[in-house]
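In what follows, a single structure is set out as structure tokens and then discussed.
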Amino acid sequence: MKFAMCGVWHVHAPGYLNTALKYAECVGVFERDEARRKDFCEKNNLPEFASLDELLASDADSVIVCSASCDHAEDMVKLAKAGKNIFTEKVLALTTEECLAIEEAVKAAGVRFVISLPHKYAAGPRTVRAIVDSGELGKLNYVRLRNCHNGSTGDWLPDHFYDLRECGGGAMIDLGAHGMYIADWFLGLPVGYASAFTLANDNPRNADRVEDNAITIMQYANGAIAVNETGFVSVGSPMALEVGGDRGFVRWDDRGVVKSTWDTERKPVAVELLEAAPSPLEQFMSGEILPGCGMEEAKHLTAMMEGAYAAQIK
């Protein structure tokens with residue numbers, strides 16, 4: 001396999017490159033921002049593509065998409081039509097309409113497609129999922145993920161993460177994507193949303209005033225509720241996943257997994273972690289793709305973001 005990078009806009013681009021290089025050769029990098037492209041290529045000793053057309057004409061059979069979210073649809077439709085396998089950073093696109101155009105192009109070309117939904121394959125969430133699948137929690141009625149960092153208050157996010165046109169939003173559409181696909185993993189698509197998006201840190205680089213502190217509550221037809229908490233303003237806040245049902249509750253955070261169910265006589269019991277599965281990018285590069293990081297999940301994520309942003313408290 002030979003691969004190329006389409007965009008290095010996202011902060012995960014260096015990590016993706018390092019992972020992919022364990023499997024294959026990188027034949028070049030295209031990035032619309034010339035200064036960003038040159039800097040990335042010089043640091044990593046990689047050839048540059050001055051245009052997307054140059055990348056499309058290359059001998060790369062697979063492409064890692066890390067361009068700005070607003071460019072995903074254009075990039076991936078062209079990549080698919082050129083017969084390139086696609087691995088993409090989340091979100092797939094900013095609208096469901098764009099997602100459907102990507103899906104149509106991918107299906108027509110018959111190329112491989114994987115989206116990065118990494119926490120589904122991490123040890124903690126996989127352990128929680130195994131407990132849910134065992135039936136020990138009974139009928140699920142609650143899911144909560146808290147995932148935050150201090151990118152704004154610590155002032156380490158790049159300027160373009162505050163660009164509303166390129167991002168489509170702030171903390172929720174970026175970091176909050178993890179909470180959305182985790183909620184979908186356990187409960188599916190919601191029927192209703194309510195969101196509180198605020199600006200808690202007056203970072204002078206945030207000229208578009210995209211939200212840096214956010215929560216979306218989701219309601220399901222069967223009565224279940226999901227809570228997605230995220231933000232760029234929290235220090236020392238561990239990622240935490242909680243799932244509850246009518247027979248018990250399980251929680252994962254940096255201390256491990258603990259469950260309390262009828263089977264444990266409602267006493268908290270530590271659960272041994274399962275091994276992590278390969279990340280979505282490792283799956284893409286190896287060709288051994290597990291369920292959960294495909295086109296349906298990608299479309300669901302964008303649909304949930306559309307619902308969340310449309311339901312902001314004014």
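Residues are named by chain letter and number: chains run A, B, ... in the order of the structure tokens, numbers start at 1 in each chain, and ligands are numbered from 1 in the order shown.
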For Asp59 in chain A: contacts at 8 Å, only C-alpha atoms, fewer than 2 positions along chain excluded, given as number ranges by chain: A: 2, 27, 57, 61
Saved selection, atoms kept: all heavy atoms, as a PDB file, in the first residue's frame:
ATOM      1  N   LYS A   2       0.431   2.247  -0.740  1.00  0.00           N
ATOM      2  CA  LYS A   2       1.002   3.583  -0.660  1.00  0.00           C
ATOM      3  C   LYS A   2      -0.117   4.532  -0.269  1.00  0.00           C
ATOM      4  O   LYS A   2      -1.255   4.383  -0.722  1.00  0.00           O
ATOM      5  CB  LYS A   2       1.601   4.005  -2.003  1.00  0.00           C
ATOM      6  CG  LYS A   2       2.832   3.207  -2.412  1.00  0.00           C
ATOM      7  CD  LYS A   2       3.398   3.714  -3.726  1.00  0.00           C
ATOM      8  CE  LYS A   2       4.643   2.919  -4.112  1.00  0.00           C
ATOM      9  NZ  LYS A   2       5.214   3.417  -5.394  1.00  0.00           N
ATOM     10  N   VAL A  27       3.418   8.891  -0.036  1.00  0.00           N
ATOM     11  CA  VAL A  27       3.937   9.411  -1.300  1.00  0.00           C
ATOM     12  C   VAL A  27       3.804  10.928  -1.408  1.00  0.00           C
ATOM     13  O   VAL A  27       4.334  11.525  -2.351  1.00  0.00           O
ATOM     14  CB  VAL A  27       3.233   8.747  -2.501  1.00  0.00           C
ATOM     15  CG1 VAL A  27       3.475   7.240  -2.482  1.00  0.00           C
ATOM     16  CG2 VAL A  27       1.750   9.069  -2.526  1.00  0.00           C
ATOM     17  N   ALA A  57      -3.776  12.254  -8.991  1.00  0.00           N
ATOM     18  CA  ALA A  57      -3.031  11.616 -10.074  1.00  0.00           C
ATOM     19  C   ALA A  57      -1.874  10.762  -9.568  1.00  0.00           C
ATOM     20  O   ALA A  57      -1.214  10.074 -10.356  1.00  0.00           O
ATOM     21  CB  ALA A  57      -2.497  12.683 -11.031  1.00  0.00           C
ATOM     22  N   ASP A  61      -2.840   4.572  -3.229  1.00  0.00           N
ATOM     23  CA  ASP A  61      -4.130   3.883  -3.330  1.00  0.00           C
ATOM     24  C   ASP A  61      -5.031   4.193  -2.145  1.00  0.00           C
ATOM     25  O   ASP A  61      -6.226   3.880  -2.169  1.00  0.00           O
ATOM     26  CB  ASP A  61      -3.945   2.369  -3.469  1.00  0.00           C
ATOM     27  CG  ASP A  61      -2.978   1.796  -2.454  1.00  0.00           C
ATOM     28  OD1 ASP A  61      -3.116   2.097  -1.264  1.00  0.00           O
ATOM     29  OD2 ASP A  61      -2.078   1.039  -2.870  1.00  0.00           O
TER      30      ASP A  61
END
Neighbour list for range 43-49 of chain A as JSON, numbers by chain, cut-off 9 Å, only C-alpha atoms, skip fewer than 5 positions in-chain: {"A": [14, 26, 27, 28, 29, 30, 31, 37, 38, 54, 55]}
Selected residues, N, CA and C atoms, written as a short mmCIF file (atom, residue, chain, number, x, y, z; two decimals), in the first residue's frame, please.
data_model
loop_
_atom_site.label_atom_id
_atom_site.label_comp_id
_atom_site.auth_asym_id
_atom_site.auth_seq_id
_atom_site.Cartn_x
_atom_site.Cartn_y
_atom_site.Cartn_z
N PRO A 14 -0.29 14.70 12.57
CA PRO A 14 1.03 14.10 12.84
C PRO A 14 0.93 12.68 13.41
N CYS A 26 4.38 6.87 2.57
CA CYS A 26 3.63 8.09 2.25
C CYS A 26 4.23 8.73 1.00
N VAL A 27 3.42 8.89 -0.04
CA VAL A 27 3.94 9.41 -1.30
C VAL A 27 3.80 10.93 -1.41
N GLY A 28 3.10 11.55 -0.45
CA GLY A 28 3.02 13.00 -0.50
C GLY A 28 1.87 13.56 0.31
N VAL A 29 1.86 14.90 0.42
CA VAL A 29 0.90 15.61 1.24
C VAL A 29 0.32 16.77 0.46
N PHE A 30 -1.03 16.87 0.46
CA PHE A 30 -1.69 18.06 -0.04
C PHE A 30 -2.36 18.78 1.12
N GLU A 31 -2.16 20.08 1.19
CA GLU A 31 -2.81 20.94 2.18
C GLU A 31 -3.04 22.28 1.52
N ARG A 37 1.35 23.41 4.79
CA ARG A 37 1.80 22.23 4.03
C ARG A 37 3.32 22.14 4.03
N LYS A 38 3.99 23.25 3.73
CA LYS A 38 5.45 23.23 3.66
C LYS A 38 6.06 22.90 5.02
N GLU A 54 -3.02 16.95 -8.15
CA GLU A 54 -1.73 16.24 -8.11
C GLU A 54 -1.83 14.99 -7.24
N LEU A 55 -2.50 15.12 -6.10
CA LEU A 55 -2.68 13.95 -5.23
C LEU A 55 -3.51 12.89 -5.94
#
Among listed residues A:Ser152, A:Gly256, A:Val227, A:Asn141, nearest Pro204 in chain A (using only C-alpha atoms):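 Using only C-alpha atoms, the shortest distance to Pro204 in chain A belongs to A:Ser152.
Closest to Lys90 in chain A among A:Cys293, A:Val269, A:Cys41, A:Ile313 is A:Cys293, based on only C-alpha atoms.
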Looking only at the backbone, which of the residues in range 138-210 of chain A does DSSP tag as strand (DSSP E), as an mmCIF file with all heavy atoms, in the first residue's frame?
data_model
loop_
_atom_site.group_PDB
_atom_site.id
_atom_site.type_symbol
_atom_site.label_atom_id
_atom_site.label_comp_id
_atom_site.auth_asym_id
_atom_site.auth_seq_id
_atom_site.Cartn_x
_atom_site.Cartn_y
_atom_site.Cartn_z
ATOM 1 N N LEU A 140 -31.414 -0.400 28.926
ATOM 2 C CA LEU A 140 -30.652 0.835 29.112
ATOM 3 C C LEU A 140 -31.581 2.041 29.173
ATOM 4 O O LEU A 140 -32.555 2.138 28.426
ATOM 5 C CB LEU A 140 -29.665 1.034 27.966
ATOM 6 C CG LEU A 140 -28.565 -0.011 27.796
ATOM 7 C CD1 LEU A 140 -27.559 0.470 26.755
ATOM 8 C CD2 LEU A 140 -27.861 -0.312 29.110
ATOM 9 N N ASN A 141 -31.253 2.976 30.084
ATOM 10 C CA ASN A 141 -32.036 4.196 30.173
ATOM 11 C C ASN A 141 -31.177 5.453 30.328
ATOM 12 O O ASN A 141 -31.698 6.565 30.395
ATOM 13 C CB ASN A 141 -33.048 4.123 31.329
ATOM 14 C CG ASN A 141 -32.400 3.689 32.639
ATOM 15 O OD1 ASN A 141 -31.317 4.156 32.983
ATOM 16 N ND2 ASN A 141 -33.056 2.787 33.370
ATOM 17 N N TYR A 142 -29.821 5.280 30.357
ATOM 18 C CA TYR A 142 -28.967 6.442 30.587
ATOM 19 C C TYR A 142 -27.558 6.183 30.059
ATOM 20 O O TYR A 142 -26.974 5.128 30.325
ATOM 21 C CB TYR A 142 -28.875 6.737 32.088
ATOM 22 C CG TYR A 142 -28.090 7.981 32.443
ATOM 23 C CD1 TYR A 142 -28.626 9.251 32.281
ATOM 24 C CD2 TYR A 142 -26.795 7.891 32.951
ATOM 25 C CE1 TYR A 142 -27.911 10.386 32.611
ATOM 26 C CE2 TYR A 142 -26.067 9.021 33.281
ATOM 27 C CZ TYR A 142 -26.628 10.268 33.109
ATOM 28 O OH TYR A 142 -25.920 11.388 33.432
ATOM 29 N N VAL A 143 -27.036 7.163 29.307
ATOM 30 C CA VAL A 143 -25.644 7.134 28.864
ATOM 31 C C VAL A 143 -25.084 8.536 29.034
ATOM 32 O O VAL A 143 -25.733 9.524 28.667
ATOM 33 C CB VAL A 143 -25.514 6.692 27.388
ATOM 34 C CG1 VAL A 143 -24.082 6.865 26.893
ATOM 35 C CG2 VAL A 143 -25.952 5.244 27.214
ATOM 36 N N ARG A 144 -23.877 8.623 29.580
ATOM 37 C CA ARG A 144 -23.215 9.927 29.735
ATOM 38 C C ARG A 144 -21.738 9.779 29.414
ATOM 39 O O ARG A 144 -21.077 8.849 29.887
ATOM 40 C CB ARG A 144 -23.361 10.440 31.165
ATOM 41 C CG ARG A 144 -22.474 11.661 31.482
ATOM 42 C CD ARG A 144 -22.636 12.081 32.943
ATOM 43 N NE ARG A 144 -21.696 13.143 33.300
ATOM 44 C CZ ARG A 144 -20.521 12.944 33.902
ATOM 45 N NH1 ARG A 144 -20.137 11.711 34.226
ATOM 46 N NH2 ARG A 144 -19.738 13.966 34.200
ATOM 47 N N LEU A 145 -21.225 10.702 28.590
ATOM 48 C CA LEU A 145 -19.783 10.786 28.369
ATOM 49 C C LEU A 145 -19.339 12.210 28.649
ATOM 50 O O LEU A 145 -19.928 13.162 28.126
ATOM 51 C CB LEU A 145 -19.393 10.413 26.935
ATOM 52 C CG LEU A 145 -17.869 10.367 26.737
ATOM 53 C CD1 LEU A 145 -17.293 9.064 27.256
ATOM 54 C CD2 LEU A 145 -17.474 10.555 25.278
ATOM 55 N N ARG A 146 -18.324 12.347 29.485
ATOM 56 C CA ARG A 146 -17.687 13.640 29.694
ATOM 57 C C ARG A 146 -16.279 13.556 29.121
ATOM 58 O O ARG A 146 -15.494 12.680 29.490
ATOM 59 C CB ARG A 146 -17.628 14.012 31.172
ATOM 60 C CG ARG A 146 -16.897 15.350 31.413
ATOM 61 C CD ARG A 146 -17.055 15.869 32.833
ATOM 62 N NE ARG A 146 -16.281 17.085 33.040
ATOM 63 C CZ ARG A 146 -16.653 18.299 32.658
ATOM 64 N NH1 ARG A 146 -17.815 18.463 32.048
ATOM 65 N NH2 ARG A 146 -15.897 19.350 32.871
ATOM 66 N N ASN A 147 -15.962 14.466 28.187
ATOM 67 C CA ASN A 147 -14.663 14.461 27.526
ATOM 68 C C ASN A 147 -14.265 15.912 27.290
ATOM 69 O O ASN A 147 -14.843 16.596 26.433
ATOM 70 C CB ASN A 147 -14.755 13.698 26.202
ATOM 71 C CG ASN A 147 -13.411 13.548 25.535
ATOM 72 O OD1 ASN A 147 -12.367 13.631 26.177
ATOM 73 N ND2 ASN A 147 -13.418 13.317 24.235
ATOM 74 N N CYS A 148 -13.301 16.403 28.059
ATOM 75 C CA CYS A 148 -12.920 17.812 28.033
ATOM 76 C C CYS A 148 -11.402 17.948 28.080
ATOM 77 O O CYS A 148 -10.705 17.037 28.505
ATOM 78 C CB CYS A 148 -13.500 18.560 29.248
ATOM 79 S SG CYS A 148 -15.276 18.387 29.454
ATOM 80 N N GLY A 192 -34.864 13.724 20.144
ATOM 81 C CA GLY A 192 -34.892 15.118 20.558
ATOM 82 C C GLY A 192 -33.586 15.541 21.191
ATOM 83 O O GLY A 192 -32.829 14.707 21.715
ATOM 84 N N TYR A 193 -33.306 16.851 21.126
ATOM 85 C CA TYR A 193 -32.048 17.400 21.624
ATOM 86 C C TYR A 193 -32.314 18.688 22.400
ATOM 87 O O TYR A 193 -33.257 19.431 22.100
ATOM 88 C CB TYR A 193 -31.106 17.765 20.465
ATOM 89 C CG TYR A 193 -30.742 16.656 19.519
ATOM 90 C CD1 TYR A 193 -31.618 16.267 18.501
ATOM 91 C CD2 TYR A 193 -29.523 16.008 19.613
ATOM 92 C CE1 TYR A 193 -31.280 15.273 17.612
ATOM 93 C CE2 TYR A 193 -29.169 15.000 18.720
ATOM 94 C CZ TYR A 193 -30.050 14.636 17.721
ATOM 95 O OH TYR A 193 -29.712 13.641 16.839
ATOM 96 N N ALA A 194 -31.441 18.980 23.375
ATOM 97 C CA ALA A 194 -31.389 20.284 24.035
ATOM 98 C C ALA A 194 -29.928 20.564 24.349
ATOM 99 O O ALA A 194 -29.235 19.707 24.910
ATOM 100 C CB ALA A 194 -32.217 20.306 25.311
ATOM 101 N N SER A 195 -29.438 21.756 23.969
ATOM 102 C CA SER A 195 -28.010 22.053 24.093
ATOM 103 C C SER A 195 -27.781 23.384 24.785
ATOM 104 O O SER A 195 -28.493 24.364 24.526
ATOM 105 C CB SER A 195 -27.346 22.111 22.710
ATOM 106 O OG SER A 195 -27.467 20.892 22.023
ATOM 107 N N ALA A 196 -26.764 23.410 25.653
ATOM 108 C CA ALA A 196 -26.258 24.654 26.227
ATOM 109 C C ALA A 196 -24.820 24.810 25.788
ATOM 110 O O ALA A 196 -23.956 24.019 26.178
ATOM 111 C CB ALA A 196 -26.354 24.621 27.754
ATOM 112 N N PHE A 197 -24.562 25.782 24.916
ATOM 113 C CA PHE A 197 -23.224 26.073 24.412
ATOM 114 C C PHE A 197 -22.835 27.471 24.900
ATOM 115 O O PHE A 197 -23.550 28.440 24.625
ATOM 116 C CB PHE A 197 -23.194 26.052 22.875
ATOM 117 C CG PHE A 197 -23.465 24.707 22.243
ATOM 118 C CD1 PHE A 197 -23.673 24.617 20.879
ATOM 119 C CD2 PHE A 197 -23.517 23.546 22.993
ATOM 120 C CE1 PHE A 197 -23.913 23.394 20.266
ATOM 121 C CE2 PHE A 197 -23.755 22.315 22.402
ATOM 122 C CZ PHE A 197 -23.958 22.238 21.037
ATOM 123 N N THR A 198 -21.699 27.578 25.588
ATOM 124 C CA THR A 198 -21.301 28.867 26.145
ATOM 125 C C THR A 198 -19.860 29.193 25.787
ATOM 126 O O THR A 198 -19.105 28.339 25.324
ATOM 127 C CB THR A 198 -21.450 28.882 27.677
ATOM 128 O OG1 THR A 198 -20.502 27.959 28.255
ATOM 129 C CG2 THR A 198 -22.848 28.489 28.102
#
Shortest interatomic distance to Phe87 in chain A - which of A:Arg209, A:Arg165, A:His72, A:Arg129, counting only C-alpha atoms: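 Closest to Phe87 in chain A of all the choices is A:His72.
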Exercise: range 156-161 of chain A partners within 10 Å, only C-alpha atoms, chain neighbours under 6 positions left out, as a list of chain:residue names: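 Listed by chain and then number, they are A:Trp9, A:His10, A:Val11, A:Ala68, A:Asn150, A:Cys167, A:Gly168, A:Gly169, A:Gly170, A:Ala171, A:Asp174, A:Arg205, A:Asn206, A:Ala207, A:Val210, A:Phe232.
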Who sits within 9 Å of Glu306 in chain A, only C-alpha atoms, same chain under 4 positions skipped, as a ChimeraX atom specification: /A:94-96,301-302,310-311
Output of the above residues as a tab-separated table (two decimals), in the first residue's frame, restricted to all heavy atoms:
chain	number	residue	atom	x	y	z
A	94	LEU	N	-20.17	18.48	7.32
A	94	LEU	CA	-20.92	19.40	8.17
A	94	LEU	C	-22.43	19.25	8.03
A	94	LEU	O	-23.17	19.70	8.89
A	94	LEU	CB	-20.51	20.84	7.88
A	94	LEU	CG	-19.05	21.19	8.18
A	94	LEU	CD1	-18.77	22.65	7.86
A	94	LEU	CD2	-18.70	20.87	9.63
A	95	THR	N	-22.90	18.61	6.96
A	95	THR	CA	-24.33	18.43	6.76
A	95	THR	C	-24.62	17.00	6.30
A	95	THR	O	-23.76	16.35	5.69
A	95	THR	CB	-24.90	19.40	5.70
A	95	THR	OG1	-24.37	19.05	4.41
A	95	THR	CG2	-24.53	20.85	6.03
A	96	THR	N	-25.84	16.57	6.55
A	96	THR	CA	-26.26	15.25	6.08
A	96	THR	C	-26.24	15.18	4.56
A	96	THR	O	-25.88	14.15	3.98
A	96	THR	CB	-27.67	14.93	6.60
A	96	THR	OG1	-27.62	14.77	8.03
A	96	THR	CG2	-28.22	13.65	5.99
A	301	LEU	N	-23.23	10.47	13.08
A	301	LEU	CA	-22.52	11.50	13.83
A	301	LEU	C	-22.87	12.89	13.32
A	301	LEU	O	-23.16	13.80	14.11
A	301	LEU	CB	-21.01	11.26	13.74
A	301	LEU	CG	-20.10	12.32	14.36
A	301	LEU	CD1	-20.45	12.57	15.81
A	301	LEU	CD2	-18.64	11.91	14.21
A	302	THR	N	-22.87	13.08	12.01
A	302	THR	CA	-23.22	14.39	11.47
A	302	THR	C	-24.67	14.73	11.77
A	302	THR	O	-24.99	15.88	12.13
A	302	THR	CB	-22.97	14.42	9.95
A	302	THR	OG1	-21.56	14.39	9.71
A	302	THR	CG2	-23.55	15.67	9.32
A	310	ALA	N	-28.84	22.77	16.32
A	310	ALA	CA	-30.15	23.39	16.07
A	310	ALA	C	-30.94	23.58	17.37
A	310	ALA	O	-31.91	24.34	17.39
A	310	ALA	CB	-30.96	22.54	15.10
A	311	ALA	N	-30.49	22.92	18.44
A	311	ALA	CA	-31.28	22.92	19.69
A	311	ALA	C	-30.62	23.72	20.81
A	311	ALA	O	-30.85	23.44	22.00
A	311	ALA	CB	-31.49	21.48	20.14
All alpha helix (DSSP H) residues (DSSP, backbone) inside range 131-168 of chain A, as an MDAnalysis selection string: chainID A and resid 131:133 164:167
Could you write out the selected residues, including all heavy atoms, as a tab-separated table (two decimals), in the first residue's frame?
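Below you can see again_28.tsv, which holds the result:
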chain	number	residue	atom	x	y	z
A	131	ILE	N	-20.18	-5.44	29.15
A	131	ILE	CA	-21.13	-5.57	30.26
A	131	ILE	C	-22.55	-5.30	29.78
A	131	ILE	O	-23.49	-6.02	30.13
A	131	ILE	CB	-20.73	-4.62	31.41
A	131	ILE	CG1	-19.39	-5.06	32.00
A	131	ILE	CG2	-21.81	-4.57	32.49
A	131	ILE	CD1	-18.78	-4.04	32.94
A	132	VAL	N	-22.71	-4.27	28.96
A	132	VAL	CA	-24.03	-3.97	28.39
A	132	VAL	C	-24.53	-5.14	27.56
A	132	VAL	O	-25.67	-5.58	27.69
A	132	VAL	CB	-23.96	-2.68	27.54
A	132	VAL	CG1	-25.24	-2.51	26.73
A	132	VAL	CG2	-23.72	-1.46	28.43
A	133	ASP	N	-23.66	-5.68	26.70
A	133	ASP	CA	-24.05	-6.77	25.82
A	133	ASP	C	-24.41	-8.04	26.58
A	133	ASP	O	-25.17	-8.87	26.08
A	133	ASP	CB	-22.94	-7.06	24.82
A	133	ASP	CG	-22.78	-5.97	23.77
A	133	ASP	OD1	-23.68	-5.12	23.65
A	133	ASP	OD2	-21.74	-5.96	23.08
A	164	LEU	N	-15.13	29.48	12.51
A	164	LEU	CA	-16.46	28.88	12.40
A	164	LEU	C	-16.72	28.29	11.03
A	164	LEU	O	-17.31	27.22	10.91
A	164	LEU	CB	-17.53	29.94	12.73
A	164	LEU	CG	-18.99	29.47	12.69
A	164	LEU	CD1	-19.23	28.34	13.67
A	164	LEU	CD2	-19.92	30.64	12.97
A	165	ARG	N	-16.25	28.94	9.98
A	165	ARG	CA	-16.47	28.44	8.63
A	165	ARG	C	-15.78	27.10	8.42
A	165	ARG	O	-16.35	26.17	7.85
A	165	ARG	CB	-15.97	29.45	7.59
A	165	ARG	CG	-16.26	29.02	6.14
A	165	ARG	CD	-15.50	29.89	5.14
A	165	ARG	NE	-14.07	29.63	5.18
A	165	ARG	CZ	-13.48	28.63	4.53
A	165	ARG	NH1	-14.18	27.77	3.82
A	165	ARG	NH2	-12.16	28.48	4.61
A	166	GLU	N	-14.55	26.97	8.90
A	166	GLU	CA	-13.79	25.75	8.68
A	166	GLU	C	-14.24	24.62	9.59
A	166	GLU	O	-14.29	23.46	9.18
A	166	GLU	CB	-12.30	26.03	8.88
A	166	GLU	CG	-11.72	26.97	7.84
A	166	GLU	CD	-10.22	27.13	7.97
A	166	GLU	OE1	-9.59	26.48	8.82
A	166	GLU	OE2	-9.65	27.93	7.18
A	167	CYS	N	-14.57	24.95	10.84
A	167	CYS	CA	-14.91	23.92	11.83
A	167	CYS	C	-16.37	23.53	11.80
A	167	CYS	O	-16.73	22.38	12.09
A	167	CYS	CB	-14.58	24.42	13.23
A	167	CYS	SG	-12.86	24.82	13.54
Residues within 7 Å of Ala221 in chain A, only C-alpha atoms, excluding chain neighbours under 2 positions, as an MDAnalysis selection string: chainID A and resid 191 219 223
Using N, CA, C and O atoms, can you export the residues from the last selection as a compact mmCIF listing (two decimals), in the first residue's frame?
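So out-v5.txt came out as:
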# COMPACT_ATOMS: atom_id res chain seq x y z
N VAL A 191 -34.43 11.17 19.40
CA VAL A 191 -35.59 11.81 18.78
C VAL A 191 -35.68 13.28 19.17
O VAL A 191 -36.49 14.03 18.62
N GLN A 219 -32.81 12.79 23.94
CA GLN A 219 -33.96 12.00 24.37
C GLN A 219 -34.25 10.92 23.33
O GLN A 219 -34.14 11.16 22.12
N GLY A 223 -37.53 6.25 26.08
CA GLY A 223 -37.42 6.89 27.38
C GLY A 223 -36.01 7.09 27.87
O GLY A 223 -35.80 7.74 28.91
Non-local contacts of Glu297 in chain A (10 Å; only C-alpha atoms; under 4 positions in same chain excluded) as a list of chain:residue names: A:Leu92, A:Val114, A:Ile115, A:Leu117, A:Tyr181, A:Asp184, A:Trp185, A:Gly188, A:Pro291, A:Gly292, A:Cys293, A:Leu301, A:Thr302, A:Ala303
